[in-house]
Amino acid sequence: MLSIIDIIEDTMVDGPGLRTSVYCAGCPNACPGCHNPQTWDINAGHEMSTQEIMDIIMADPFANVTFSGGDPMYQAEGFTELAREIRRQSDKTIWCFTGYTFETLVRMPRQRALLEEIDVLVDGRYEQSLRDNDLCFRGSSNQRLIDVKKSLEAGTAVLYDYRPMAWQSTIN
């Protein structure tokens, strides 16, 4: 069971294209200026099974998936199970937002298991003094978009090369 705050379907703010975003409860980072402080308390969510979440995710065959929160790494075992089920049933990409750095997560066995199931990691604590409204899918300039598969192969963080389509860059 996972403690979930909300699941938002057809969103375009938590990664490229249409996504189903799973917002979990629980975050030990408590970053000042966080835009989701209501997710910090693990008890603020409601329990959902992997199957209940999968029913929502699989309802849209075209939407990819984002794990956010809170911090999904705080519930690593449950999100690993969910990610494996997504992989088993689809070819959806999985993005994950966390306050931890890639370098820290690879040394934590439960969190590394989740890393091995996701495509892109948005890592690092939100730093209010480094806030940058021009960044894609990040709130502060210390946060990185990491290509997890390439990073695990290389043994070091490899940045995800995100380039919006030409027509997207002209929209204000």
# chains A, B, ... in the order shown; residues from 1 in each chain; ligands from 1
>>> residues_around(residues="A:Pro16", least_positions_apart="2", cutoff="10 Å", atoms="only C-alpha atoms", output="list in words")
Thr11, Met12, Val13, Asp14, Leu18, Arg19, Ala63, Asn64, Thr66, Trp95, Cys136, Phe137, Tyr162, Arg163 and Pro164 of chain A
>>> residues_around(residues="A:Arg110", least_positions_apart="4", cutoff="7 Å", atoms="only C-alpha atoms", output="list in words")
Ala76, Glu77 and Leu114 of chain A
>>> residues_around(residues="A:Gly124", least_positions_apart="3", cutoff="8 Å", atoms="only C-alpha atoms", output="PyMOL selection string")
chain A and resi 98-101+142-144
>>> select_by_dssp(residues="stretch 121-151 of chain A", states="strand (DSSP E or B)", output="NGL selection string")
:A and (121-123 or 131 or 140 or 144-147)
>>> write_last_selection(atoms="C-alpha atoms", output="short mmCIF file (atom, residue, chain, number, x, y, z; two decimals), in the first residue's frame")
data_model
loop_
_atom_site.label_atom_id
_atom_site.label_comp_id
_atom_site.auth_asym_id
_atom_site.auth_seq_id
_atom_site.Cartn_x
_atom_site.Cartn_y
_atom_site.Cartn_z
CA LEU A 121 15.06 11.50 -12.19
CA VAL A 122 14.56 15.13 -11.21
CA ASP A 123 16.90 15.28 -8.24
CA ARG A 131 14.57 29.56 -7.79
CA SER A 140 15.65 25.71 -8.62
CA ARG A 144 18.91 18.21 -12.40
CA LEU A 145 17.11 16.16 -15.03
CA ILE A 146 19.00 12.86 -15.02
CA ASP A 147 18.86 10.08 -17.58
#
>>> atom_distance(atom1="atom CA of A:Ala154", atom2="atom CA of A:Gly17")
27.3 Å
>>> closest_atom_pairs(of="stretch 111-171 of chain A", to="stretch 25-39 of chain A", cutoff="7 Å", atoms="only C-alpha atoms", output="Markdown table")
| residue | atom | partner | partner_atom | distance |
| --- | --- | --- | --- | --- |
| A:Arg125 | CA | A:Cys31 | CA | 6.6 |
| A:Tyr126 | CA | A:Cys31 | CA | 5.9 |
| A:Gln128 | CA | A:Gly33 | CA | 5.8 |
>>> residues_around(residues="A:Gln89", least_positions_apart="5", cutoff="12 Å", atoms="only C-alpha atoms", output="PDB file with C-alpha atoms, in the first residue's frame")
ATOM      1  CA  GLN A  51      -3.760  -2.232  -8.507  1.00  0.00           C
ATOM      2  CA  MET A  54      -2.639   0.976 -12.017  1.00  0.00           C
ATOM      3  CA  ASP A  55      -6.350   1.151 -12.873  1.00  0.00           C
ATOM      4  CA  ILE A  57      -2.658   4.908 -14.903  1.00  0.00           C
ATOM      5  CA  MET A  58      -3.760   2.397 -17.506  1.00  0.00           C
ATOM      6  CA  ALA A  59      -7.055   4.211 -18.215  1.00  0.00           C
ATOM      7  CA  PRO A  61      -2.985   4.510 -22.973  1.00  0.00           C
ATOM      8  CA  LEU A  82       4.275   0.180  -8.919  1.00  0.00           C
ATOM      9  CA  ALA A  83       7.036   0.969 -11.434  1.00  0.00           C
ATOM     10  CA  ARG A  84       7.606  -2.728 -12.116  1.00  0.00           C
TER      11      ARG A  84
END
>>> atom_distance(atom1="atom CA of A:Asp91", atom2="atom CA of A:Gly139")
27.8 Å
